[in-house]
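Q: Got a file for you: run.txt, compact mmCIF, N, CA and C atoms.
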# COMPACT_ATOMS: atom_id res chain seq x y z
N MET A 1 0.82 -1.20 0.00
CA MET A 1 0.00 0.00 0.00
C MET A 1 0.87 1.27 0.00
N ARG A 2 1.95 1.20 0.76
CA ARG A 2 2.85 2.35 0.83
C ARG A 2 3.52 2.60 -0.53
N ARG A 3 3.91 1.51 -1.20
CA ARG A 3 4.54 1.65 -2.51
C ARG A 3 3.58 2.26 -3.52
N LEU A 4 2.34 1.88 -3.43
CA LEU A 4 1.34 2.44 -4.35
C LEU A 4 1.17 3.94 -4.11
N GLY A 5 1.22 4.38 -2.87
CA GLY A 5 1.13 5.80 -2.55
C GLY A 5 2.33 6.57 -3.08
N ILE A 6 3.52 5.98 -2.94
CA ILE A 6 4.73 6.64 -3.45
C ILE A 6 4.67 6.73 -4.97
N LEU A 7 4.22 5.66 -5.62
CA LEU A 7 4.10 5.67 -7.08
C LEU A 7 3.08 6.70 -7.55
N ALA A 8 1.94 6.78 -6.86
CA ALA A 8 0.91 7.76 -7.23
C ALA A 8 1.43 9.18 -7.04
N GLY A 9 2.14 9.44 -5.96
CA GLY A 9 2.71 10.77 -5.74
C GLY A 9 3.74 11.13 -6.80
N PHE A 10 4.54 10.16 -7.21
CA PHE A 10 5.54 10.40 -8.23
C PHE A 10 4.89 10.70 -9.58
N VAL A 11 3.81 9.98 -9.91
CA VAL A 11 3.10 10.22 -11.17
C VAL A 11 2.45 11.60 -11.16
N ILE A 12 1.87 11.99 -10.04
CA ILE A 12 1.25 13.32 -9.94
C ILE A 12 2.31 14.41 -10.05
N LEU A 13 3.43 14.22 -9.42
CA LEU A 13 4.53 15.18 -9.50
C LEU A 13 5.03 15.32 -10.93
N LEU A 14 5.22 14.22 -11.62
CA LEU A 14 5.65 14.28 -13.01
C LEU A 14 4.62 14.97 -13.90
N THR A 15 3.36 14.72 -13.65
CA THR A 15 2.30 15.34 -14.44
C THR A 15 2.28 16.85 -14.24
N VAL A 16 2.38 17.30 -13.00
CA VAL A 16 2.35 18.73 -12.72
C VAL A 16 3.55 19.43 -13.33
N PHE A 17 4.75 18.89 -13.12
CA PHE A 17 5.94 19.54 -13.67
C PHE A 17 5.99 19.44 -15.19
N GLY A 18 5.49 18.35 -15.75
CA GLY A 18 5.45 18.24 -17.20
C GLY A 18 4.49 19.24 -17.81
N ALA A 19 3.33 19.44 -17.18
CA ALA A 19 2.36 20.40 -17.69
C ALA A 19 2.86 21.82 -17.55
N SER A 20 3.58 22.10 -16.45
CA SER A 20 4.06 23.47 -16.26
C SER A 20 5.21 23.78 -17.20
N SER A 21 6.08 22.80 -17.48
CA SER A 21 7.19 23.07 -18.39
C SER A 21 6.72 23.15 -19.84
N ALA A 22 5.57 22.54 -20.15
CA ALA A 22 5.03 22.62 -21.51
C ALA A 22 4.27 23.93 -21.73
N GLY A 23 4.11 24.70 -20.68
CA GLY A 23 3.41 25.98 -20.81
C GLY A 23 1.93 25.89 -20.53
N LEU A 24 1.43 24.76 -20.06
CA LEU A 24 0.01 24.61 -19.77
C LEU A 24 -0.37 25.28 -18.46
N LEU A 25 0.58 25.43 -17.56
CA LEU A 25 0.36 26.12 -16.29
C LEU A 25 1.28 27.34 -16.27
N PRO A 26 0.79 28.51 -16.67
CA PRO A 26 1.68 29.66 -16.79
C PRO A 26 2.08 30.30 -15.47
N SER A 27 1.58 29.81 -14.34
CA SER A 27 1.90 30.46 -13.07
C SER A 27 3.32 30.15 -12.59
N LEU A 28 3.89 29.03 -13.03
CA LEU A 28 5.24 28.67 -12.60
C LEU A 28 6.25 29.21 -13.61
N PRO A 29 7.24 29.98 -13.15
CA PRO A 29 8.22 30.54 -14.09
C PRO A 29 9.30 29.51 -14.46
N PHE A 30 9.61 29.48 -15.74
CA PHE A 30 10.69 28.65 -16.24
C PHE A 30 11.55 29.48 -17.15
N LEU A 31 12.83 29.23 -17.15
CA LEU A 31 13.76 29.97 -18.00
C LEU A 31 13.66 29.43 -19.42
N VAL A 32 13.26 30.28 -20.33
CA VAL A 32 13.21 29.90 -21.73
C VAL A 32 14.48 30.43 -22.37
N GLN A 33 15.29 29.52 -22.89
CA GLN A 33 16.57 29.94 -23.43
C GLN A 33 16.39 30.62 -24.78
N THR A 34 15.54 30.06 -25.61
CA THR A 34 15.29 30.67 -26.92
C THR A 34 13.95 30.20 -27.45
N ALA A 35 13.35 31.01 -28.29
CA ALA A 35 12.09 30.64 -28.92
C ALA A 35 12.31 30.14 -30.34
N ASP A 36 13.52 30.20 -30.83
CA ASP A 36 13.84 29.77 -32.18
C ASP A 36 13.91 28.24 -32.21
N PRO A 37 13.11 27.57 -33.05
CA PRO A 37 13.13 26.10 -33.08
C PRO A 37 14.42 25.53 -33.67
N ASN A 38 15.18 26.32 -34.42
CA ASN A 38 16.43 25.85 -35.02
C ASN A 38 17.65 26.11 -34.12
N ALA A 39 17.43 26.71 -32.97
CA ALA A 39 18.55 27.04 -32.08
C ALA A 39 19.06 25.78 -31.40
N SER A 40 20.33 25.81 -31.07
CA SER A 40 20.95 24.67 -30.39
C SER A 40 20.76 24.80 -28.88
N PRO A 41 20.32 23.75 -28.21
CA PRO A 41 20.18 23.82 -26.75
C PRO A 41 21.54 23.82 -26.04
N MET A 42 22.61 23.57 -26.79
CA MET A 42 23.93 23.55 -26.19
C MET A 42 24.58 24.93 -26.16
N MET A 43 24.03 25.89 -26.81
CA MET A 43 24.61 27.24 -26.81
C MET A 43 24.20 27.96 -25.53
N ALA A 44 25.13 28.69 -24.97
CA ALA A 44 24.87 29.41 -23.73
C ALA A 44 24.54 30.87 -24.05
N THR A 45 23.68 31.44 -23.22
CA THR A 45 23.40 32.86 -23.33
C THR A 45 24.61 33.62 -22.78
N PRO A 46 24.76 34.90 -23.08
CA PRO A 46 25.88 35.66 -22.52
C PRO A 46 25.90 35.65 -20.99
N GLU A 47 24.72 35.72 -20.38
CA GLU A 47 24.65 35.69 -18.91
C GLU A 47 25.15 34.35 -18.37
N GLN A 48 24.76 33.25 -19.01
CA GLN A 48 25.22 31.93 -18.56
C GLN A 48 26.72 31.77 -18.76
N ALA A 49 27.25 32.31 -19.85
CA ALA A 49 28.70 32.24 -20.08
C ALA A 49 29.46 33.03 -19.02
N ASN A 50 28.95 34.19 -18.65
CA ASN A 50 29.60 34.99 -17.60
C ASN A 50 29.58 34.26 -16.26
N GLN A 51 28.44 33.65 -15.95
CA GLN A 51 28.34 32.91 -14.69
C GLN A 51 29.29 31.72 -14.68
N PHE A 52 29.41 31.04 -15.83
CA PHE A 52 30.32 29.90 -15.91
C PHE A 52 31.76 30.34 -15.68
N VAL A 53 32.17 31.41 -16.33
CA VAL A 53 33.53 31.91 -16.16
C VAL A 53 33.77 32.34 -14.71
N PHE A 54 32.77 33.00 -14.12
CA PHE A 54 32.89 33.42 -12.72
C PHE A 54 33.11 32.22 -11.80
N TRP A 55 32.32 31.17 -11.96
CA TRP A 55 32.42 30.01 -11.08
C TRP A 55 33.72 29.24 -11.30
N VAL A 56 34.18 29.16 -12.55
CA VAL A 56 35.45 28.47 -12.80
C VAL A 56 36.60 29.21 -12.12
N VAL A 57 36.63 30.54 -12.25
CA VAL A 57 37.68 31.34 -11.61
C VAL A 57 37.58 31.22 -10.08
N PHE A 58 36.37 31.26 -9.55
CA PHE A 58 36.14 31.15 -8.11
C PHE A 58 36.67 29.82 -7.59
N VAL A 59 36.36 28.73 -8.27
CA VAL A 59 36.81 27.40 -7.82
C VAL A 59 38.32 27.29 -7.92
N LEU A 60 38.91 27.79 -8.99
CA LEU A 60 40.37 27.71 -9.13
C LEU A 60 41.09 28.51 -8.04
N ILE A 61 40.58 29.70 -7.73
CA ILE A 61 41.19 30.51 -6.67
C ILE A 61 41.09 29.80 -5.33
N ASN A 62 39.95 29.18 -5.06
CA ASN A 62 39.79 28.47 -3.79
C ASN A 62 40.66 27.22 -3.73
N LEU A 63 40.84 26.54 -4.86
CA LEU A 63 41.73 25.38 -4.86
C LEU A 63 43.17 25.79 -4.60
N VAL A 64 43.60 26.88 -5.19
CA VAL A 64 44.96 27.36 -4.95
C VAL A 64 45.11 27.78 -3.49
N GLY A 65 44.12 28.47 -2.95
CA GLY A 65 44.17 28.88 -1.54
C GLY A 65 44.21 27.70 -0.60
N ALA A 66 43.41 26.67 -0.88
CA ALA A 66 43.42 25.48 -0.03
C ALA A 66 44.76 24.75 -0.15
N GLY A 67 45.31 24.71 -1.35
CA GLY A 67 46.61 24.06 -1.54
C GLY A 67 47.72 24.77 -0.80
N VAL A 68 47.71 26.10 -0.84
CA VAL A 68 48.74 26.87 -0.12
C VAL A 68 48.59 26.67 1.38
N THR A 69 47.36 26.67 1.86
CA THR A 69 47.12 26.47 3.30
C THR A 69 47.61 25.09 3.75
N LEU A 70 47.26 24.05 3.00
CA LEU A 70 47.71 22.71 3.37
C LEU A 70 49.23 22.59 3.27
N THR A 71 49.83 23.25 2.28
CA THR A 71 51.29 23.22 2.16
C THR A 71 51.95 23.84 3.38
N LEU A 72 51.44 24.98 3.83
CA LEU A 72 52.02 25.63 5.01
C LEU A 72 51.85 24.78 6.26
N VAL A 73 50.66 24.18 6.44
CA VAL A 73 50.43 23.34 7.61
C VAL A 73 51.38 22.15 7.61
N MET A 74 51.51 21.49 6.46
CA MET A 74 52.40 20.33 6.39
C MET A 74 53.87 20.73 6.58
N TRP A 75 54.25 21.89 6.10
CA TRP A 75 55.63 22.36 6.26
C TRP A 75 55.94 22.58 7.74
N PHE A 76 55.00 23.26 8.47
CA PHE A 76 55.23 23.48 9.89
C PHE A 76 55.22 22.18 10.67
N LEU A 77 54.33 21.25 10.32
CA LEU A 77 54.32 19.95 11.01
C LEU A 77 55.60 19.18 10.73
N GLY A 78 56.11 19.27 9.51
CA GLY A 78 57.37 18.59 9.17
C GLY A 78 58.53 19.17 9.94
N ARG A 79 58.54 20.50 10.11
CA ARG A 79 59.61 21.12 10.90
C ARG A 79 59.57 20.63 12.34
N ALA A 80 58.37 20.55 12.91
CA ALA A 80 58.24 20.09 14.30
C ALA A 80 58.66 18.63 14.43
N THR A 81 58.33 17.81 13.44
CA THR A 81 58.72 16.40 13.48
C THR A 81 60.23 16.26 13.38
N ASN A 82 60.85 17.01 12.47
CA ASN A 82 62.31 16.95 12.34
C ASN A 82 63.00 17.46 13.60
N HIS A 83 62.45 18.49 14.22
CA HIS A 83 63.02 19.00 15.47
C HIS A 83 62.94 17.93 16.57
N ALA A 84 61.80 17.25 16.66
CA ALA A 84 61.63 16.22 17.68
C ALA A 84 62.57 15.04 17.42
N ARG A 85 62.80 14.71 16.16
CA ARG A 85 63.72 13.61 15.84
C ARG A 85 65.17 13.95 16.20
N ASN A 86 65.54 15.21 16.10
CA ASN A 86 66.92 15.63 16.36
C ASN A 86 67.22 15.86 17.84
N LEU A 87 66.23 15.79 18.70
CA LEU A 87 66.47 15.95 20.13
C LEU A 87 67.24 14.74 20.66
N PRO A 88 68.02 14.91 21.71
CA PRO A 88 68.73 13.75 22.27
C PRO A 88 67.73 12.74 22.83
N ASN A 89 68.11 11.50 22.75
CA ASN A 89 67.19 10.43 23.13
C ASN A 89 67.33 10.11 24.62
N THR A 90 67.11 11.09 25.50
CA THR A 90 67.16 10.87 26.94
C THR A 90 65.76 11.03 27.49
N PRO A 91 65.37 10.12 28.36
CA PRO A 91 64.03 10.24 28.94
C PRO A 91 63.96 11.42 29.90
N PRO A 92 62.77 11.93 30.16
CA PRO A 92 62.64 13.04 31.10
C PRO A 92 63.15 12.66 32.49
N ALA A 93 63.49 13.65 33.32
CA ALA A 93 64.07 13.42 34.64
C ALA A 93 63.14 12.62 35.54
N ILE A 94 61.86 12.79 35.40
CA ILE A 94 60.92 12.07 36.27
C ILE A 94 60.97 10.57 36.01
N LEU A 95 61.37 10.18 34.80
CA LEU A 95 61.47 8.75 34.50
C LEU A 95 62.80 8.15 34.95
N ASN A 96 63.73 8.97 35.39
CA ASN A 96 65.03 8.48 35.83
C ASN A 96 65.06 8.13 37.32
N ARG A 97 63.92 8.19 37.99
CA ARG A 97 63.88 7.83 39.41
C ARG A 97 64.08 6.34 39.57
N PRO A 98 64.63 5.90 40.70
CA PRO A 98 64.76 4.46 40.93
C PRO A 98 63.38 3.84 41.17
N ALA A 99 63.30 2.57 40.94
CA ALA A 99 62.04 1.86 41.17
C ALA A 99 61.73 1.85 42.66
N GLU A 100 60.45 1.65 43.00
CA GLU A 100 60.03 1.68 44.41
C GLU A 100 60.69 0.58 45.21
N SER A 101 60.90 -0.57 44.60
CA SER A 101 61.50 -1.68 45.36
C SER A 101 62.96 -1.37 45.69
N GLU A 102 63.62 -0.56 44.87
CA GLU A 102 65.02 -0.22 45.13
C GLU A 102 65.15 0.84 46.22
N SER A 103 64.10 1.61 46.45
CA SER A 103 64.21 2.70 47.41
C SER A 103 63.78 2.30 48.82
N LEU A 104 63.38 1.04 49.03
CA LEU A 104 62.99 0.61 50.37
C LEU A 104 64.22 0.48 51.26
N PRO A 105 64.10 0.89 52.51
CA PRO A 105 65.24 0.72 53.42
C PRO A 105 65.44 -0.76 53.75
N ALA A 106 66.64 -1.06 54.16
CA ALA A 106 66.93 -2.46 54.52
C ALA A 106 66.17 -2.80 55.79
N GLY A 107 65.64 -3.96 55.86
CA GLY A 107 64.90 -4.38 57.04
C GLY A 107 63.69 -5.20 56.63
N ASN A 108 62.86 -5.52 57.62
CA ASN A 108 61.73 -6.39 57.36
C ASN A 108 60.43 -5.61 57.20
N GLU A 109 60.46 -4.29 57.04
CA GLU A 109 59.24 -3.51 56.91
C GLU A 109 58.68 -3.65 55.50
N SER A 110 57.37 -3.79 55.42
CA SER A 110 56.72 -3.92 54.10
C SER A 110 56.32 -2.53 53.61
N LYS A 111 55.86 -2.46 52.39
CA LYS A 111 55.44 -1.19 51.81
C LYS A 111 54.25 -0.61 52.57
N ALA A 112 53.33 -1.46 53.00
CA ALA A 112 52.15 -1.00 53.73
C ALA A 112 52.56 -0.38 55.06
N GLN A 113 53.53 -0.99 55.74
CA GLN A 113 53.98 -0.44 57.02
C GLN A 113 54.68 0.89 56.81
N LEU A 114 55.44 1.01 55.75
CA LEU A 114 56.15 2.26 55.48
C LEU A 114 55.15 3.39 55.19
N SER A 115 54.11 3.08 54.42
CA SER A 115 53.13 4.13 54.09
C SER A 115 52.31 4.52 55.30
N GLU A 116 52.03 3.57 56.19
CA GLU A 116 51.29 3.92 57.40
C GLU A 116 52.15 4.72 58.37
N GLY A 117 53.39 4.37 58.45
CA GLY A 117 54.29 5.06 59.37
C GLY A 117 54.61 6.47 58.93
N SER A 118 54.66 6.71 57.65
CA SER A 118 55.01 8.05 57.17
C SER A 118 53.81 8.97 57.17
N ALA A 119 52.60 8.43 57.24
CA ALA A 119 51.40 9.26 57.21
C ALA A 119 51.06 9.85 58.52
How does the structure come out when it is put into structure tokens?
A:
Amino acid sequence: MRRLGILAGFVILLTVFGASSAGLLPSLPFLVQTADPNASPMMATPEQANQFVFWVVFVLINLVGAGVTLTLVMWFLGRATNHARNLPNTPPAILNRPAESESLPAGNESKAQLSEGSA
């Protein structure tokens, strides 16, 4: 039943738009490129040609701008990576501490006793 409703809606939509584009419903505006029956539908009006040139230039400028931006970002990231690679390979001072088992005093005290006694 749902498919039949979708099909009926699609047929009604096609009928309305087909009638309006054929000129049977003059209330809906459509761009008429030419009234000459011998004219080519592939020819552009001067306004359409200007818009095409505008959009092509706009897209090219944005592509160049995006390319320059990505180039700068990658260049700065590459510099940071090379700088990090050239640093000496020594761990930070906090990692150079002795392990907890090595810092226990000699004797029979456990870690739990040491933590309770120091608190």
Q: Hey, can you check how far atom C of Ala35 in chain A sits from atom N of Gln51 in chain A?
A: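 Atom-to-atom, atom C of Ala35 in chain A and atom N of Gln51 in chain A are spaced 21.9 Å apart.
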Q: Mind pulling up the distance from CA of Phe17 in chain A to atom N of Met1 in chain A?
A: 25.4 Å
Q: For a test of reading the model, state the distance in Å between atom C of Glu47 in chain A and atom C of Thr34 in chain A, rounded to one decimal.
A: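 Those two atoms sit 15.0 Å apart.
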